[in-house]
>>> print(open('entry_2.txt').read())   # compact mmCIF, C-alpha atoms and all ligand atoms
# COMPACT_ATOMS: atom_id res chain seq x y z
CA MET A 3 0.00 0.00 0.00
CA THR A 4 1.32 3.46 -0.89
CA LYS A 5 1.68 5.48 2.28
CA ILE A 6 0.01 8.85 2.71
CA PRO A 7 2.65 11.61 2.98
CA VAL A 8 2.15 13.71 6.10
CA GLY A 9 3.65 16.82 7.66
CA ILE A 10 4.35 17.70 11.29
CA LEU A 11 3.98 21.32 12.43
CA GLY A 12 6.02 21.82 15.59
CA ALA A 13 8.18 18.83 14.61
CA THR A 14 11.08 19.94 16.81
CA GLY A 15 9.06 20.11 20.06
CA MET A 16 8.29 17.50 22.67
CA VAL A 17 5.08 16.32 21.00
CA GLY A 18 6.52 16.68 17.49
CA GLN A 19 9.37 14.33 18.42
CA HIS A 20 6.90 11.74 19.68
CA TYR A 21 5.01 12.02 16.35
CA LEU A 22 8.22 11.29 14.47
CA ARG A 23 9.10 8.35 16.71
CA LEU A 24 5.60 6.84 16.49
CA LEU A 25 5.27 7.35 12.74
CA LYS A 26 8.67 5.77 11.96
CA ASP A 27 7.21 2.47 10.71
CA HIS A 28 3.56 3.42 10.46
CA PRO A 29 1.72 1.25 7.94
CA TRP A 30 -0.40 4.08 6.48
CA PHE A 31 1.45 7.38 6.99
CA GLU A 32 4.96 8.58 6.14
CA VAL A 33 6.47 11.87 7.35
CA ARG A 34 7.76 13.84 4.37
CA TYR A 35 7.38 17.43 5.65
CA VAL A 36 8.52 19.01 8.93
CA ALA A 37 8.01 22.58 10.11
CA ALA A 38 8.70 24.58 13.25
CA SER A 39 9.50 28.18 14.26
CA PRO A 40 11.70 30.53 12.23
CA ARG A 41 14.46 29.62 14.73
CA SER A 42 14.60 26.11 13.26
CA ALA A 43 13.55 26.86 9.68
CA GLY A 44 16.20 26.32 7.02
CA LYS A 45 18.11 23.73 9.08
CA LYS A 46 18.20 20.01 8.44
CA TYR A 47 16.04 18.27 11.04
CA ARG A 48 19.07 16.63 12.71
CA GLU A 49 20.70 20.02 13.21
CA ALA A 50 17.45 21.65 14.38
CA VAL A 51 17.04 19.16 17.26
CA SER A 52 20.74 18.78 18.04
CA GLY A 53 21.09 18.65 21.85
CA ARG A 54 17.31 18.55 22.37
CA TRP A 55 16.10 15.20 21.07
CA HIS A 56 14.26 14.04 24.21
CA VAL A 57 12.43 10.85 23.37
CA ALA A 58 13.54 7.23 23.43
CA GLY A 59 13.69 5.95 19.85
CA GLU A 60 14.38 7.69 16.57
CA PRO A 61 12.51 9.08 13.59
CA GLY A 62 12.82 7.38 10.19
CA ALA A 63 16.38 7.77 8.86
CA HIS A 64 15.19 10.06 6.02
CA VAL A 65 13.64 12.50 8.54
CA TRP A 66 17.04 13.58 9.92
CA LEU A 67 17.81 14.95 6.45
CA LEU A 68 14.54 16.79 5.81
CA GLN A 69 14.79 20.57 5.74
CA VAL A 70 12.71 22.20 8.49
CA GLU A 71 10.31 24.77 7.05
CA ASP A 72 8.71 27.76 8.78
CA ALA A 73 5.34 26.54 10.06
CA GLY A 74 4.05 30.11 9.74
CA ASP A 75 4.54 29.99 5.96
CA VAL A 76 1.58 27.99 4.63
CA SER A 77 2.78 28.41 1.04
CA LYS A 78 5.64 25.97 1.79
CA ALA A 79 3.17 23.30 2.86
CA SER A 80 0.95 24.08 -0.15
CA ALA A 81 3.95 23.51 -2.41
CA ALA A 82 4.63 20.22 -0.58
CA LEU A 83 0.97 19.27 -1.10
CA GLY A 84 1.39 20.06 -4.79
CA ARG A 85 4.45 17.83 -5.16
CA GLY A 86 2.79 15.01 -3.21
CA ASP A 87 4.82 15.38 0.02
CA CYS A 88 2.16 16.59 2.45
CA SER A 89 -1.41 15.35 2.21
CA PHE A 90 -2.35 16.54 5.72
CA VAL A 91 -0.56 17.85 8.82
CA PHE A 92 -0.38 16.98 12.49
CA SER A 93 -0.20 20.25 14.41
CA ALA A 94 1.92 20.26 17.57
CA LEU A 95 2.58 23.99 17.69
CA GLU A 96 3.12 25.91 20.90
CA MET A 97 2.12 29.47 20.05
CA GLY A 98 -0.43 32.01 21.24
CA LYS A 99 -4.02 30.77 20.93
CA ASP A 100 -5.14 33.41 18.41
CA GLU A 101 -2.05 32.84 16.29
CA THR A 102 -2.50 29.06 16.36
CA ARG A 103 -6.18 29.32 15.53
CA ALA A 104 -5.52 31.58 12.54
CA LEU A 105 -2.61 29.46 11.30
CA GLU A 106 -4.50 26.16 11.51
CA GLU A 107 -7.38 27.78 9.62
CA ALA A 108 -4.95 28.99 6.95
CA TYR A 109 -3.73 25.39 6.43
CA ALA A 110 -7.30 24.07 6.20
CA SER A 111 -8.22 26.86 3.84
CA ALA A 112 -5.24 25.89 1.64
CA GLY A 113 -6.71 22.39 1.32
CA ILE A 114 -4.52 20.77 3.99
CA PRO A 115 -6.43 18.93 6.75
CA VAL A 116 -5.13 19.69 10.27
CA ILE A 117 -5.16 17.08 13.04
CA SER A 118 -4.24 19.20 16.03
CA ASN A 119 -2.91 18.79 19.55
CA ALA A 120 -3.18 22.48 20.33
CA SER A 121 -6.02 23.76 22.48
CA ALA A 122 -6.79 26.76 20.23
CA HIS A 123 -9.73 25.15 18.39
CA ARG A 124 -11.16 22.95 21.14
CA TRP A 125 -13.96 25.44 21.75
CA THR A 126 -14.67 26.26 18.11
CA ASP A 127 -18.26 25.13 17.73
CA ASP A 128 -17.82 23.21 14.45
CA VAL A 129 -14.47 21.55 15.31
CA PRO A 130 -14.62 18.01 16.72
CA VAL A 131 -12.59 17.11 19.84
CA LEU A 132 -12.06 13.42 19.18
CA ILE A 133 -11.31 10.41 21.35
CA GLY A 134 -11.66 7.39 19.06
CA GLU A 135 -13.21 5.15 21.73
CA VAL A 136 -15.63 7.79 23.00
CA ASN A 137 -17.04 10.04 20.28
CA PRO A 138 -15.95 8.84 16.82
CA ASP A 139 -19.36 9.97 15.49
CA HIS A 140 -18.31 13.61 16.11
CA ALA A 141 -16.18 13.35 12.96
CA GLY A 142 -19.52 13.64 11.17
CA ILE A 143 -19.38 17.42 11.62
CA ILE A 144 -16.44 17.71 9.21
CA PRO A 145 -18.51 18.07 5.99
CA LEU A 146 -20.61 20.73 7.74
CA GLN A 147 -17.44 22.54 8.88
CA GLN A 148 -16.08 22.46 5.33
CA LYS A 149 -19.33 23.70 3.80
CA ARG A 150 -19.77 26.47 6.34
CA ARG A 151 -16.23 27.77 5.80
CA GLY A 152 -15.96 27.15 2.06
CA TRP A 153 -13.14 24.62 2.45
CA ASP A 154 -13.04 21.84 -0.11
CA ARG A 155 -10.44 19.39 1.13
CA GLY A 156 -9.12 20.98 4.33
CA PHE A 157 -10.68 20.72 7.80
CA ILE A 158 -9.63 20.89 11.45
CA ALA A 159 -10.05 18.11 14.00
CA VAL A 160 -8.45 18.23 17.44
CA LYS A 161 -7.78 16.00 20.40
CA PRO A 162 -8.55 16.93 23.99
CA ASN A 163 -6.33 18.04 26.84
CA CYS A 164 -3.92 15.33 28.00
CA SER A 165 -5.03 15.56 31.64
CA ILE A 166 -8.54 14.16 30.98
CA GLN A 167 -7.44 11.26 28.80
CA SER A 168 -7.09 8.75 31.64
CA TYR A 169 -10.67 8.93 32.87
CA MET A 170 -12.72 9.87 29.77
CA THR A 171 -12.86 6.32 28.37
CA PRO A 172 -13.70 4.81 31.81
CA LEU A 173 -16.52 7.38 32.28
CA HIS A 174 -17.80 6.72 28.77
CA ALA A 175 -17.76 2.94 29.25
CA LEU A 176 -19.85 3.31 32.43
CA ALA A 177 -22.32 5.69 30.76
CA LEU A 178 -22.74 3.26 27.82
CA ALA A 179 -23.60 0.54 30.33
CA GLY A 180 -26.30 2.80 31.81
CA PHE A 181 -24.30 4.28 34.68
CA GLN A 182 -24.12 7.99 33.93
CA ALA A 183 -21.85 9.91 36.29
CA GLU A 184 -23.63 13.01 37.54
CA ARG A 185 -20.74 14.61 39.44
CA ALA A 186 -17.00 14.06 39.56
CA VAL A 187 -14.14 15.41 41.64
CA VAL A 188 -10.76 14.96 39.99
CA ALA A 189 -7.26 15.68 41.32
CA THR A 190 -4.48 15.26 38.76
CA MET A 191 -0.74 14.81 39.25
CA GLN A 192 0.71 15.85 35.90
CA ALA A 193 4.14 15.05 34.48
CA VAL A 194 6.67 17.75 33.59
CA SER A 195 6.74 16.73 29.90
CA GLY A 196 3.18 18.09 29.74
CA ALA A 197 4.71 21.58 29.72
CA GLY A 198 6.86 20.89 26.64
CA TYR A 199 10.55 21.77 26.45
CA PRO A 200 12.22 23.39 28.34
CA GLY A 201 8.98 23.58 30.32
CA VAL A 202 9.03 24.11 34.09
CA PRO A 203 12.51 25.05 35.40
CA GLY A 204 14.24 22.09 37.10
CA ILE A 205 14.88 24.08 40.27
CA ASP A 206 11.10 24.59 40.65
CA MET A 207 10.35 20.92 40.11
CA ILE A 208 12.93 19.01 42.17
CA ASP A 209 11.64 18.11 45.66
CA ASN A 210 8.41 19.92 44.88
CA VAL A 211 4.81 19.88 43.68
CA ILE A 212 3.30 22.92 41.99
CA PRO A 213 -0.44 23.11 42.71
CA TYR A 214 -1.29 25.18 39.64
CA ILE A 215 -1.18 24.64 35.87
CA GLY A 216 -2.59 27.64 34.02
CA GLY A 217 -5.91 26.89 32.25
CA GLU A 218 -5.78 23.18 33.01
CA GLU A 219 -8.63 23.01 35.52
CA GLU A 220 -11.01 24.88 33.21
CA LYS A 221 -10.09 22.51 30.34
CA SER A 222 -10.56 19.47 32.60
CA GLU A 223 -14.01 20.66 33.69
CA LEU A 224 -15.37 21.76 30.32
CA GLU A 225 -13.82 19.67 27.53
CA PRO A 226 -15.56 16.46 28.69
CA LEU A 227 -18.92 18.17 28.19
CA LYS A 228 -18.16 18.88 24.53
CA ILE A 229 -16.82 15.35 24.02
CA PHE A 230 -19.94 13.81 25.60
CA GLY A 231 -22.14 16.31 23.69
CA THR A 232 -24.11 16.01 20.46
CA ILE A 233 -24.17 17.66 17.05
CA GLU A 234 -27.24 19.85 16.62
CA ASP A 235 -27.90 22.22 13.70
CA GLY A 236 -24.32 21.84 12.48
CA VAL A 237 -22.62 22.75 15.77
CA PHE A 238 -21.80 21.00 19.02
CA LYS A 239 -24.19 21.13 21.93
CA ASN A 240 -22.52 20.32 25.25
CA ALA A 241 -23.68 17.57 27.53
CA ARG A 242 -24.84 18.77 30.94
CA LYS A 243 -23.26 15.91 32.87
CA PRO A 244 -21.06 15.16 34.64
CA ARG A 245 -20.33 18.33 36.58
CA ILE A 246 -16.61 18.18 37.26
CA SER A 247 -14.48 19.89 39.90
CA ALA A 248 -10.76 19.60 39.03
CA HIS A 249 -7.51 20.25 40.91
CA CYS A 250 -4.45 20.06 38.65
CA SER A 251 -0.87 19.91 39.98
CA ARG A 252 2.53 19.52 38.34
CA VAL A 253 4.67 16.77 39.90
CA PRO A 254 8.28 15.67 39.33
CA VAL A 255 7.47 12.76 37.00
CA THR A 256 8.79 12.73 33.41
CA ASP A 257 5.77 11.20 31.60
CA GLY A 258 2.33 10.01 32.69
CA HIS A 259 -0.55 12.02 34.15
CA LEU A 260 -2.21 10.39 37.15
CA ALA A 261 -5.76 11.32 38.24
CA CYS A 262 -7.62 10.52 41.47
CA VAL A 263 -11.32 10.50 40.61
CA SER A 264 -14.47 10.34 42.77
CA LEU A 265 -17.78 9.76 40.98
CA GLU A 266 -21.41 10.16 41.93
CA PHE A 267 -24.03 8.42 39.79
CA GLY A 268 -27.76 9.04 39.42
CA VAL A 269 -30.36 6.65 40.79
CA LYS A 270 -28.74 3.69 39.04
CA LYS A 271 -25.45 2.88 40.74
CA PRO A 272 -23.05 0.11 39.70
CA SER A 273 -21.40 -2.28 42.13
CA LEU A 274 -17.61 -2.31 42.21
CA GLU A 275 -17.65 -5.69 40.47
CA GLU A 276 -19.87 -4.29 37.70
CA VAL A 277 -17.52 -1.33 37.23
CA LYS A 278 -14.50 -3.62 36.90
CA GLU A 279 -16.28 -5.87 34.44
CA ILE A 280 -17.48 -2.92 32.33
CA TRP A 281 -13.98 -1.46 32.16
CA ALA A 282 -12.17 -4.72 31.50
CA SER A 283 -14.53 -5.72 28.68
CA PHE A 284 -14.88 -2.30 27.04
CA ARG A 285 -13.88 -2.01 23.38
CA GLY A 286 -14.48 1.01 21.16
CA LEU A 287 -14.59 1.63 17.41
CA PRO A 288 -10.76 1.79 17.04
CA GLN A 289 -10.57 -1.74 18.53
CA GLU A 290 -13.43 -3.04 16.34
CA LEU A 291 -11.73 -1.65 13.26
CA GLY A 292 -8.29 -2.84 14.34
CA LEU A 293 -6.77 0.59 13.66
CA PRO A 294 -2.95 0.38 13.69
CA SER A 295 -2.48 2.53 16.83
CA ALA A 296 -5.51 1.27 18.75
CA PRO A 297 -4.64 -0.40 22.05
CA GLU A 298 -6.07 -3.88 22.21
CA LYS A 299 -7.39 -3.09 25.69
CA PRO A 300 -8.26 0.60 25.93
CA ILE A 301 -8.78 0.27 29.71
CA ILE A 302 -6.42 -1.85 31.80
CA VAL A 303 -7.78 -2.67 35.24
CA HIS A 304 -5.25 -3.14 38.06
CA GLU A 305 -6.10 -5.14 41.17
CA GLU A 306 -2.91 -4.33 43.12
CA ASN A 307 -3.50 -1.66 45.74
CA ASP A 308 -0.48 0.45 44.67
CA ARG A 309 -1.11 0.66 40.91
CA PRO A 310 -1.26 2.29 38.42
CA GLN A 311 2.07 4.09 38.78
CA PRO A 312 3.49 6.41 36.09
CA ARG A 313 6.89 4.75 35.79
CA ARG A 314 5.55 1.20 35.75
CA ASP A 315 2.31 1.54 33.84
CA ARG A 316 2.45 4.50 31.43
CA ASP A 317 3.87 2.41 28.56
CA ALA A 318 1.23 -0.32 28.66
CA GLU A 319 -0.20 -0.95 25.16
CA GLY A 320 2.52 1.32 23.75
CA GLY A 321 1.33 4.21 25.94
CA MET A 322 -2.13 4.15 24.33
CA ALA A 323 -4.25 2.62 27.12
CA ALA A 324 -5.80 4.13 30.23
CA ALA A 325 -4.71 2.22 33.34
CA VAL A 326 -7.15 2.26 36.25
CA GLY A 327 -6.88 0.87 39.77
CA ARG A 328 -7.58 1.47 43.44
CA LEU A 329 -11.30 1.11 42.73
CA ARG A 330 -13.18 1.39 46.02
CA PRO A 331 -16.29 2.93 47.58
CA CYS A 332 -16.23 6.67 48.18
CA ASN A 333 -17.33 8.09 51.55
CA VAL A 334 -18.78 11.20 49.92
CA PHE A 335 -19.72 10.15 46.36
CA ASP A 336 -20.27 6.55 45.13
CA ILE A 337 -16.93 5.23 43.86
CA ARG A 338 -13.34 6.42 43.63
CA PHE A 339 -10.37 5.23 41.62
CA THR A 340 -6.97 6.22 40.26
CA ALA A 341 -6.36 6.53 36.51
CA LEU A 342 -3.21 6.99 34.45
CA SER A 343 -2.46 7.89 30.86
CA HIS A 344 0.77 8.65 28.98
CA ASN A 345 0.47 12.38 28.31
CA THR A 346 2.83 12.68 25.35
CA VAL A 347 1.63 9.44 23.70
CA ARG A 348 -2.11 8.84 24.21
CA GLY A 349 -2.52 12.39 25.50
CA ALA A 350 -0.72 13.93 22.52
CA ALA A 351 1.02 12.34 19.50
CA GLY A 352 -0.41 8.81 19.78
CA GLY A 353 -3.91 10.24 20.27
CA GLY A 354 -3.45 12.46 17.20
CA ILE A 355 -2.28 9.51 15.09
CA LEU A 356 -5.23 7.38 16.22
CA ASN A 357 -7.57 10.24 15.26
CA ALA A 358 -5.95 10.40 11.82
CA GLU A 359 -6.39 6.65 11.39
CA LEU A 360 -10.06 6.97 12.32
CA LEU A 361 -10.54 9.89 9.93
CA LYS A 362 -8.82 7.98 7.15
CA TYR A 363 -11.10 5.01 7.77
CA LYS A 364 -14.09 7.37 7.58
CA GLY A 365 -12.86 8.70 4.23
CA TYR A 366 -11.83 12.23 5.27
CA LEU A 367 -8.11 11.80 4.53
CA SER A 368 -7.44 10.68 1.00
P1 LIG B 1 7.19 22.40 22.78
O1 LIG B 1 8.06 21.28 23.20
O2 LIG B 1 7.39 23.75 23.38
O3 LIG B 1 7.28 22.52 21.17
C1 LIG B 1 6.70 23.61 20.50
C2 LIG B 1 6.87 23.50 18.98
O4 LIG B 1 6.22 24.66 18.39
C3 LIG B 1 8.32 23.54 18.51
O5 LIG B 1 8.45 22.74 17.35
C4 LIG B 1 8.54 25.00 18.16
O6 LIG B 1 9.56 25.20 17.19
C5 LIG B 1 7.19 25.35 17.56
N1 LIG B 1 6.94 26.81 17.60
C6 LIG B 1 7.06 27.61 18.69
N2 LIG B 1 6.81 28.90 18.31
C7 LIG B 1 6.53 28.87 16.98
C8 LIG B 1 6.22 29.88 16.02
N3 LIG B 1 6.13 31.16 16.35
N4 LIG B 1 6.00 29.51 14.74
C9 LIG B 1 6.09 28.21 14.38
N5 LIG B 1 6.40 27.19 15.25
C10 LIG B 1 6.62 27.54 16.53
O7 LIG B 1 5.65 22.07 23.05
P2 LIG B 1 4.94 20.61 23.13
O8 LIG B 1 4.88 20.13 24.52
O9 LIG B 1 5.49 19.77 22.06
O10 LIG B 1 3.42 20.99 22.78
C11 LIG B 1 3.00 21.20 21.44
C12 LIG B 1 1.47 21.39 21.44
O11 LIG B 1 0.85 20.20 21.91
C13 LIG B 1 1.01 22.52 22.36
O12 LIG B 1 -0.09 23.18 21.76
C14 LIG B 1 0.59 21.80 23.62
O13 LIG B 1 -0.41 22.49 24.35
C15 LIG B 1 0.00 20.51 23.03
N6 LIG B 1 0.01 19.34 23.93
C16 LIG B 1 1.14 19.00 24.61
C17 LIG B 1 1.12 17.86 25.42
C18 LIG B 1 2.32 17.41 26.23
O14 LIG B 1 2.16 16.46 27.02
N7 LIG B 1 3.48 18.02 26.07
C19 LIG B 1 -0.04 17.11 25.52
C20 LIG B 1 -1.17 17.47 24.79
C21 LIG B 1 -1.13 18.59 23.99
P3 LIG B 1 11.09 25.54 17.62
O15 LIG B 1 11.68 24.26 18.15
O16 LIG B 1 11.70 25.97 16.33
O17 LIG B 1 11.04 26.61 18.65
>>> encode(input="entry_2.txt", output="structure tokens", more="lines below")
Ligand code: NAP
Amino acid sequence: MTKIPVGILGATGMVGQHYLRLLKDHPWFEVRYVAASPRSAGKKYREAVSGRWHVAGEPGAHVWLLQVEDAGDVSKASAALGRGDCSFVFSALEMGKDETRALEEAYASAGIPVISNASAHRWTDDVPVLIGEVNPDHAGIIPLQQKRRGWDRGFIAVKPNCSIQSYMTPLHALALAGFQAERAVVATMQAVSGAGYPGVPGIDMIDNVIPYIGGEEEKSELEPLKIFGTIEDGVFKNARKPRISAHCSRVPVTDGHLACVSLEFGVKKPSLEEVKEIWASFRGLPQELGLPSAPEKPIIVHEENDRPQPRRDRDAEGGMAAAVGRLRPCNVFDIRFTALSHNTVRGAAGGGILNAELLKYKGYLS
């Protein structure tokens, strides 16, 4: 099968590097275009990341030799589209929100679909925030987005904030089984890689926990409502439940966001055994379709009382699964548990790749 040529915007950053590592031997996609800031533009990729390649593993050998382009110059990507080197882009840019929003729209307008990790478009009312196992049907808004904006081939689809990834699939699996969470209290312990590179200064992180991550609590409380929402009259209508109260802290862990979650259900409440069974047996559309990056088990249930742990469990299923454990009754709500997800894989590059696989399956990426 001829692979689809793809581009990475923000290819030199933390998430961009994970894209390159994960796409190295991808069966459907091949990276043929890389772009970053004007600081990196004009350099060969190897030179651009010299001294700051952070991830275990390597990109495809040809990637080291690609010239980094300026991500702000859409005409370069258009030219790459024209010569068959960039059919769509993964966006892993770290820029101001307004700038990112405008730039991603410029790519879509130029006929280049954008699968984004940035938060800029998560609240745009015709842009889907996709988790393959939870709301694959939200991709159905893409033709409406294209029509509304006059885009023929381009569109924008995004993935959610990395901090919610560990508990969204577990909540969805319970709701599907008839156990809708009404209220949730979530406390996250988020890895330093979540802040990109160089991120939080080392001196602030060693021997410390920082009980504030700008914007993260608002994202954790609101993004789930869009993801659990519906498409009405061509735009998203948010779900009303669950109401979420989030506390987000930065902890000295390299990768893996951990969340302690307490849930209250409506009248119908599951037993702990039912919850475990629902999670362990849950499979979503990516699993049914056997998409290349889909974890076989999207939710891994731990019985040990000291798991999941970031260092031991973040790489399960290639970093694409949510690991849950410490399931027990809650003294205030109904149940409580701990959940873990790899923030730069499932919460970022791996999640973006799975979204692209889903969108290709649905016929949006030719
Ligand atoms: P990062 O390590 O700081 O990388 C940022 C990338 O953006 C670099 O390639 C950088 O290029 C490029 N860039 C910066 N300013 C630019 C400009 N003016 N024009 C063009 N390119 C520019 O950040 P990251 O952690 O990879 O995050 C990337 C995106 O993913 C962000 O939107 C972030 O919110 C999101 N995200 C991150 C995570 C995570 O766990 N880290 C999880 C989910 C989502 P240079 O190298 O040339 O400066």
>>> closest_residue(input="entry_2.txt", among="A:Leu173, A:Leu132, A:Leu11, A:Val237", to="Thr102 (chain A)", atoms="all atoms listed in the file")
A:Leu11
>>> residues_around(input="entry_2.txt", residues="His140 (chain A)", least_positions_apart="4", cutoff="8 Å", atoms="only C-alpha atoms", output="list of chain:residue names")
A:Pro130, A:Val131, A:Leu132, A:Thr232, A:Ile233
>>> write_last_selection(input="entry_2.txt", atoms="C-alpha atoms", output="PDB file, keeping the file's coordinate frame")
ATOM      1  CA  PRO A 130     -14.620  18.010  16.720  1.00  0.00           C
ATOM      2  CA  VAL A 131     -12.590  17.110  19.840  1.00  0.00           C
ATOM      3  CA  LEU A 132     -12.060  13.420  19.180  1.00  0.00           C
ATOM      4  CA  THR A 232     -24.110  16.010  20.460  1.00  0.00           C
ATOM      5  CA  ILE A 233     -24.170  17.660  17.050  1.00  0.00           C
TER       6      ILE A 233
END
>>> axis_aligned_box(input="entry_2.txt", around="ligand LIG 1 (chain B)", padding_each_side="6 Å", output="lines of an AutoDock Vina configuration file")
center_x = 5.3
center_y = 23.8
center_z = 20.7
size_x = 24.9
size_y = 26.7
size_z = 24.6
>>> residues_around(input="entry_2.txt", residues="Val194 (chain A)", least_positions_apart="5", cutoff="7 Å", atoms="only C-alpha atoms", output="PyMOL selection string")
chain A and resi 202+252-257
>>> atom_distance(input="entry_2.txt", atom1="CA of Ala43 (chain A)", atom2="CA of Trp55 (chain A)")
16.5 Å
>>> residues_near_point(input="entry_2.txt", point="(-14.5, 3.5, 41.9)", cutoff="8 Å", atoms="all atoms listed in the file", output="list in words")
Val263, Ser264, Leu265, Leu274, Val277, Arg328, Leu329, Arg330, Pro331, Cys332, Asp336, Ile337, Arg338 and Phe339 of chain A
>>> closest_atom_pairs(input="entry_2.txt", of="chain A", to="ligand LIG 1 (chain B)", cutoff="7 Å", atoms="only C-alpha atoms and all ligand atoms", output="Markdown table")
| residue | atom | partner | partner_atom | distance |
| --- | --- | --- | --- | --- |
| A:Leu11 | CA | B:LIG1 | O5 | 6.8 |
| A:Gly12 | CA | B:LIG1 | O5 | 3.1 |
| A:Ala13 | CA | B:LIG1 | O5 | 4.8 |
| A:Thr14 | CA | B:LIG1 | O5 | 3.9 |
| A:Gly15 | CA | B:LIG1 | O3 | 3.2 |
| A:Met16 | CA | B:LIG1 | O9 | 3.7 |
| A:Val17 | CA | B:LIG1 | O9 | 3.6 |
| A:Gly18 | CA | B:LIG1 | O9 | 5.6 |
| A:Ala38 | CA | B:LIG1 | N5 | 4.0 |
| A:Ser39 | CA | B:LIG1 | N5 | 3.4 |
| A:Pro40 | CA | B:LIG1 | O16 | 6.1 |
| A:Arg41 | CA | B:LIG1 | O16 | 4.8 |
| A:Ser42 | CA | B:LIG1 | O16 | 4.2 |
| A:Ala43 | CA | B:LIG1 | O16 | 7.0 |
| A:Asp72 | CA | B:LIG1 | C9 | 6.2 |
| A:Ala73 | CA | B:LIG1 | C9 | 4.7 |
| A:Gly74 | CA | B:LIG1 | N4 | 5.4 |
| A:Ala94 | CA | B:LIG1 | C12 | 4.1 |
| A:Leu95 | CA | B:LIG1 | O4 | 3.8 |
| A:Glu96 | CA | B:LIG1 | O4 | 4.2 |
| A:Met97 | CA | B:LIG1 | N2 | 5.0 |
| A:Asn119 | CA | B:LIG1 | O11 | 4.7 |
| A:Ala120 | CA | B:LIG1 | O12 | 3.5 |
| A:Ser121 | CA | B:LIG1 | O12 | 6.0 |
| A:Asn163 | CA | B:LIG1 | C20 | 5.6 |
| A:Cys164 | CA | B:LIG1 | C20 | 4.7 |
| A:Ser195 | CA | B:LIG1 | N7 | 5.2 |
| A:Gly196 | CA | B:LIG1 | O14 | 3.3 |
| A:Ala197 | CA | B:LIG1 | N7 | 5.2 |
| A:Gly198 | CA | B:LIG1 | O8 | 3.0 |
| A:Tyr199 | CA | B:LIG1 | O1 | 4.1 |
| A:Pro200 | CA | B:LIG1 | O2 | 6.9 |
| A:Asn345 | CA | B:LIG1 | O14 | 4.6 |
| A:Thr346 | CA | B:LIG1 | O14 | 4.2 |
| A:Gly349 | CA | B:LIG1 | C20 | 5.3 |
| A:Ala350 | CA | B:LIG1 | C20 | 4.2 |
>>> residues_around(input="entry_2.txt", residues="Phe181 (chain A)", least_positions_apart="6", cutoff="7 Å", atoms="only C-alpha atoms", output="ChimeraX atom specification")
/A:267,270-272
>>> closest_residue(input="entry_2.txt", among="A:Arg150, A:His56, A:Arg155, A:Arg316", to="Val116 (chain A)", atoms="only C-alpha atoms")
A:Arg155
>>> atom_distance(input="entry_2.txt", atom1="CA of Glu359 (chain A)", atom2="CA of Pro138 (chain A)")
11.2 Å
>>> closest_residue(input="entry_2.txt", among="A:Pro7, A:Pro300, A:Gly98, A:Gly236", to="Pro172 (chain A)", atoms="all atoms listed in the file")
A:Pro300
>>> residues_around(input="entry_2.txt", residues="Ser80 (chain A)", least_positions_apart="5", cutoff="10 Å", atoms="only C-alpha atoms", output="VMD selection string")
chain A and resid 75 85 to 89 109 112 to 114
>>> write_last_selection(input="entry_2.txt", atoms="C-alpha atoms", output="PDB file, in the coordinates of the input")
ATOM      1  CA  ASP A  75       4.540  29.990   5.960  1.00  0.00           C
ATOM      2  CA  ARG A  85       4.450  17.830  -5.160  1.00  0.00           C
ATOM      3  CA  GLY A  86       2.790  15.010  -3.210  1.00  0.00           C
ATOM      4  CA  ASP A  87       4.820  15.380   0.020  1.00  0.00           C
ATOM      5  CA  CYS A  88       2.160  16.590   2.450  1.00  0.00           C
ATOM      6  CA  SER A  89      -1.410  15.350   2.210  1.00  0.00           C
ATOM      7  CA  TYR A 109      -3.730  25.390   6.430  1.00  0.00           C
ATOM      8  CA  ALA A 112      -5.240  25.890   1.640  1.00  0.00           C
ATOM      9  CA  GLY A 113      -6.710  22.390   1.320  1.00  0.00           C
ATOM     10  CA  ILE A 114      -4.520  20.770   3.990  1.00  0.00           C
TER      11      ILE A 114
END
>>> residues_near_point(input="entry_2.txt", point="(9.4, 24.3, 40.3)", cutoff="12 Å", atoms="all atoms listed in the file", output="list in words")
Val194, Ala197, Gly201, Val202, Pro203, Gly204, Ile205, Asp206, Met207, Ile208, Asp209, Asn210, Val211, Ile212, Pro213, Tyr214, Ile215, Ser251, Arg252, Val253 and Pro254 of chain A
>>> closest_residue(input="entry_2.txt", among="A:Leu176, A:Leu83, A:Ala58, A:Val136", to="Glu276 (chain A)", atoms="only C-alpha atoms")
A:Leu176
>>> closest_residue(input="entry_2.txt", among="A:Pro29, A:Gly217, A:Pro162, A:Gly286", to="Ala351 (chain A)", atoms="all atoms listed in the file")
A:Pro162
>>> closest_residue(input="entry_2.txt", among="A:Lys221, A:His20, A:Arg103, A:Arg245", to="Gly353 (chain A)", atoms="all atoms listed in the file")
A:His20
>>> atom_distance(input="entry_2.txt", atom1="CA of Ser111 (chain A)", atom2="CA of Val36 (chain A)")
19.2 Å
